[in-house]
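> Contents of work.cif (mmCIF, C-alpha atoms) are given next:
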data_model
#
loop_
_atom_site.label_atom_id
_atom_site.label_comp_id
_atom_site.auth_asym_id
_atom_site.auth_seq_id
_atom_site.Cartn_x
_atom_site.Cartn_y
_atom_site.Cartn_z
CA MET A 35 15.91 4.20 16.52
CA SER A 36 14.41 7.56 17.13
CA THR A 37 14.09 9.29 13.79
CA MET A 38 12.22 8.55 10.59
CA ALA A 39 15.49 8.76 8.61
CA GLU A 40 17.00 6.02 10.77
CA ALA A 41 13.87 3.89 10.38
CA GLN A 42 14.06 4.25 6.59
CA GLN A 43 17.52 2.64 6.61
CA VAL A 44 16.14 -0.53 8.15
CA PHE A 45 12.83 -0.88 6.28
CA ALA A 46 12.03 -0.73 2.58
CA VAL A 47 9.17 -1.66 0.27
CA LYS A 48 10.91 -3.56 -2.54
CA SER A 49 7.87 -4.03 -4.77
CA MET A 50 4.11 -3.95 -4.88
CA ASN A 51 1.51 -5.33 -7.25
CA LEU A 52 -2.25 -5.27 -7.64
CA ARG A 53 -4.08 -8.27 -9.09
CA ASP A 54 -7.60 -9.20 -10.02
CA ALA A 55 -8.20 -11.49 -7.03
CA SER A 56 -10.52 -13.75 -9.08
CA SER A 57 -8.11 -14.46 -11.95
CA GLY A 58 -4.75 -13.68 -10.30
CA LYS A 59 -3.82 -11.49 -13.29
CA VAL A 60 -1.38 -8.70 -12.39
CA LEU A 61 -2.96 -5.35 -13.32
CA TRP A 62 -0.25 -3.05 -11.91
CA GLN A 63 3.21 -3.49 -10.42
CA ASN A 64 5.98 -1.27 -9.12
CA THR A 65 9.56 -1.80 -7.95
CA GLU A 66 10.17 1.69 -6.54
CA ASP A 67 10.47 1.99 -2.73
CA LEU A 68 7.03 3.41 -1.98
CA ALA A 69 8.02 3.95 1.66
CA ALA A 70 10.76 6.43 0.73
CA PRO A 71 10.22 9.54 2.87
CA GLY A 72 8.92 12.89 1.72
CA LYS A 73 7.75 11.89 -1.74
CA GLU A 74 4.32 11.54 -3.29
CA HIS A 75 4.55 8.75 -5.85
CA GLU A 76 2.30 8.33 -8.88
CA ALA A 77 0.71 5.13 -10.14
CA ARG A 78 -0.94 4.63 -13.50
CA VAL A 79 -3.42 1.84 -12.90
CA PRO A 80 -5.69 0.32 -15.55
CA LYS A 81 -9.25 1.55 -14.97
CA LYS A 82 -10.52 -2.03 -15.41
CA ILE A 83 -9.31 -2.63 -11.83
CA LEU A 84 -12.44 -0.74 -10.73
CA LYS A 85 -14.56 -3.53 -12.25
CA CYS A 86 -12.91 -6.24 -10.10
CA LYS A 87 -15.04 -7.69 -7.28
CA SER A 88 -11.89 -7.88 -5.19
CA VAL A 89 -8.27 -6.84 -5.62
CA SER A 90 -5.24 -8.62 -4.22
CA ARG A 91 -2.37 -6.40 -3.12
CA GLU A 92 1.05 -7.98 -2.65
CA ILE A 93 3.85 -6.07 -0.94
CA GLU A 94 7.42 -7.32 -0.86
CA PHE A 95 9.36 -5.63 1.93
CA TRP A 96 12.73 -5.85 3.64
CA SER A 97 13.57 -5.22 7.27
CA ALA A 98 17.05 -5.11 8.81
CA ASP A 99 15.61 -5.48 12.32
CA ALA A 100 13.22 -7.97 13.83
CA LEU A 101 9.72 -6.50 13.93
CA GLU A 102 7.49 -7.79 16.69
CA GLU A 103 4.14 -6.43 15.51
CA PHE A 104 4.43 -5.37 11.87
CA ARG A 105 1.21 -3.79 10.63
CA LEU A 106 -0.04 -1.12 8.33
CA GLU A 107 -2.80 1.45 8.25
CA GLN A 108 -4.11 2.57 4.90
CA LYS A 109 -6.23 5.62 4.13
CA VAL A 110 -7.77 6.41 0.76
CA HIS A 111 -8.08 10.17 0.33
CA PHE A 112 -10.40 11.67 -2.30
CA LYS A 113 -9.74 15.37 -2.89
CA GLY A 114 -8.13 15.58 0.56
CA SER A 115 -10.88 13.83 2.57
CA VAL A 116 -10.59 10.27 3.90
CA MET A 117 -12.94 8.10 1.84
CA GLU A 118 -11.92 4.65 3.17
CA GLN A 119 -9.61 3.32 5.85
CA TRP A 120 -8.21 -0.16 6.56
CA HIS A 121 -5.92 -1.79 9.12
CA PHE A 122 -3.84 -4.90 8.35
CA GLU A 123 -1.80 -7.01 10.80
CA PHE A 124 1.25 -9.04 9.71
CA GLY A 125 2.96 -9.92 13.01
CA PHE A 126 6.55 -11.00 13.56
CA VAL A 127 9.25 -10.30 10.95
CA ILE A 128 12.63 -12.07 11.06
CA PRO A 129 15.63 -9.68 11.08
CA ASP A 130 17.41 -9.03 7.77
CA SER A 131 14.65 -10.70 5.80
CA THR A 132 12.63 -10.06 2.66
CA ASN A 133 8.96 -10.97 2.97
CA SER A 134 5.84 -11.00 0.80
CA TRP A 135 2.50 -9.95 2.21
CA GLN A 136 -0.73 -10.36 0.29
CA ASN A 137 -4.13 -8.91 1.24
CA VAL A 138 -7.46 -9.13 -0.54
CA ILE A 139 -9.55 -5.96 -0.61
CA GLU A 140 -13.25 -6.24 -1.47
CA ALA A 141 -14.65 -3.67 -3.89
CA ALA A 142 -17.54 -1.38 -3.15
CA PRO A 143 -20.92 -2.67 -4.36
CA GLU A 144 -21.46 -2.20 -8.10
CA GLY A 145 -23.69 0.88 -7.86
CA ALA A 146 -21.49 2.55 -5.22
CA MET A 147 -18.23 2.71 -7.23
CA MET A 148 -17.30 6.15 -8.54
CA PRO A 149 -16.24 6.34 -12.22
CA ALA A 150 -12.54 6.32 -13.13
CA SER A 151 -12.88 9.81 -14.64
CA ALA A 152 -13.90 11.25 -11.25
CA LEU A 153 -11.28 9.31 -9.28
CA SER A 154 -8.25 9.69 -11.56
CA GLY A 155 -5.68 12.08 -10.10
CA ASN A 156 -7.98 12.86 -7.15
CA VAL A 157 -7.19 9.75 -5.08
CA VAL A 158 -4.12 9.47 -2.85
CA ILE A 159 -3.50 6.22 -1.01
CA GLU A 160 -1.58 6.85 2.19
CA THR A 161 -0.03 3.80 3.84
CA LEU A 162 1.66 3.94 7.23
CA PHE A 163 3.95 1.04 8.16
CA PHE A 164 4.38 0.28 11.89
CA ASP A 165 6.10 -2.04 14.32
CA GLY A 166 3.59 -1.88 17.16
CA GLU A 167 3.17 1.88 17.66
CA LYS A 168 6.53 2.82 16.09
CA LEU A 169 6.19 4.36 12.64
CA LEU A 170 8.64 2.76 10.15
CA GLY A 171 7.62 4.60 6.99
CA THR A 172 4.85 6.34 5.13
CA SER A 173 3.84 5.94 1.52
CA LYS A 174 1.68 8.33 -0.50
CA VAL A 175 0.64 7.29 -3.98
CA ARG A 176 -1.56 9.41 -6.26
CA ILE A 177 -3.63 7.17 -8.53
CA PHE A 178 -4.28 7.89 -12.20
CA TYR A 179 -6.64 5.50 -13.96
CA VAL A 180 -5.63 4.82 -17.58
#
Show this structure as structure tokens.


Amino acid sequence: MSTMAEAQQVFAVKSMNLRDASSGKVLWQNTEDLAAPGKEHEARVPKKILKCKSVSREIEFWSADALEEFRLEQKVHFKGSVMEQWHFEFGFVIPDSTNSWQNVIEAAPEGAMMPASALSGNVVIETLFFDGEKLLGTSKVRIFYV
């Protein structure tokens, strides 16, 4: 496959949720394909998520093709500047399969967390999905804390 449109036909994010990693309680969930091209999505996330010591993110995704080195890169943009960046490795994905992938993300220290009022609407989480170096999809989600 050579184009992003072709890649989109063989890879989709089926759902995503965010949980308080300590209690397992789901704080936000979505069933829209967040890897759909050319769209900035919006998420209304409870501001109490900012009080969590760690957050668990679970992604359910589908791939038509086998993926040898599935991974993602995530950037958190605040008012257009990269504030945080993470890399996550999944590995091999069986062709024509639906998979769940859960990661735990540690929060900033208590005094270093910005207030929800400053973050809300000013944060965009950009996630790039790859098989090795081949880009499969990009997700951009603007966060509003409610």

> Which one is closest to A:Leu52: A:Ala70, A:Met147, A:Val89, A:Ala77? Count all atoms listed in the file.

A:Val89

> In Å, with one decimal, what is the gap from atom CA of A:Asp99 to atom CA of A:Pro129?

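Separation of atom CA of A:Asp99 and atom CA of A:Pro129: 4.4 Å.
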
> Convert the output of the PyMOL selection byres ((chain A and resi 157) around 12) on the shown file into explicit residues, formatted as a CSV table (one decimal) with C-alpha atoms, keeping the file's coordinate frame.


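Final output, out24.csv:
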chain,number,residue,atom,x,y,z
A,74,GLU,CA,4.3,11.5,-3.3
A,75,HIS,CA,4.6,8.8,-5.8
A,76,GLU,CA,2.3,8.3,-8.9
A,77,ALA,CA,0.7,5.1,-10.1
A,78,ARG,CA,-0.9,4.6,-13.5
A,79,VAL,CA,-3.4,1.8,-12.9
A,109,LYS,CA,-6.2,5.6,4.1
A,110,VAL,CA,-7.8,6.4,0.8
A,111,HIS,CA,-8.1,10.2,0.3
A,112,PHE,CA,-10.4,11.7,-2.3
A,113,LYS,CA,-9.7,15.4,-2.9
A,114,GLY,CA,-8.1,15.6,0.6
A,115,SER,CA,-10.9,13.8,2.6
A,116,VAL,CA,-10.6,10.3,3.9
A,117,MET,CA,-12.9,8.1,1.8
A,118,GLU,CA,-11.9,4.6,3.2
A,148,MET,CA,-17.3,6.2,-8.5
A,150,ALA,CA,-12.5,6.3,-13.1
A,151,SER,CA,-12.9,9.8,-14.6
A,152,ALA,CA,-13.9,11.2,-11.2
A,153,LEU,CA,-11.3,9.3,-9.3
A,154,SER,CA,-8.2,9.7,-11.6
A,155,GLY,CA,-5.7,12.1,-10.1
A,156,ASN,CA,-8.0,12.9,-7.2
A,158,VAL,CA,-4.1,9.5,-2.8
A,159,ILE,CA,-3.5,6.2,-1.0
A,160,GLU,CA,-1.6,6.8,2.2
A,174,LYS,CA,1.7,8.3,-0.5
A,175,VAL,CA,0.6,7.3,-4.0
A,176,ARG,CA,-1.6,9.4,-6.3
A,177,ILE,CA,-3.6,7.2,-8.5
A,178,PHE,CA,-4.3,7.9,-12.2
A,179,TYR,CA,-6.6,5.5,-14.0

> When the PyMOL selection byres ((chain A and resi 49) around 10) is applied to the structure above, which residues does it catch, written out as a PyMOL selection string?

chain A and resi 46-48+50-51+63-68+92-96+134

> Tell me which of A:Ile139, A:Leu61, A:Ile128, A:Leu106 sits closest to A:Ile83, counting all atoms listed in the file.

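Smallest distance to A:Ile83 is found for A:Leu61.
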
> One decimal, Å: what's the distance from atom CA of A:Lys73 over to atom CA of A:Ser131, could you say?

24.8 Å

> Find the residue from A:Ser90, A:Ala146, A:Glu102, A:Val180 that sits nearest to A:Glu167; use only C-alpha atoms when measuring.

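Nearest to A:Glu167: A:Glu102.
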
> How far is it from atom CA of A:Glu107 to atom CA of A:Leu162, in Å with one decimal?

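Separating atom CA of A:Glu107 from atom CA of A:Leu162 is a distance of 5.2 Å.
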
> Can you translate the PyMOL selection byres ((chain A and resi 126) around 6) into the concrete residues it hits in this file, as number ranges by chain?

A: 101-103, 125, 127

> Could you give me, as a PyMOL selection string, the residues within 8 Å of A:Ala55, counting all atoms listed in the file and dropping anything in the same chain fewer than 3 positions from it?

chain A and resi 58-59+86-90+138

> For stretch 127-139 of chain A, what centre and edge lengths in Å (one decimal) does the axis-aligned box get once 6 Å is added on each side of all its listed atoms, as lines of an AutoDock Vina configuration file?


center_x = 3.9
center_y = -9.0
center_z = 5.2
size_x = 39.0
size_y = 18.1
size_z = 23.7
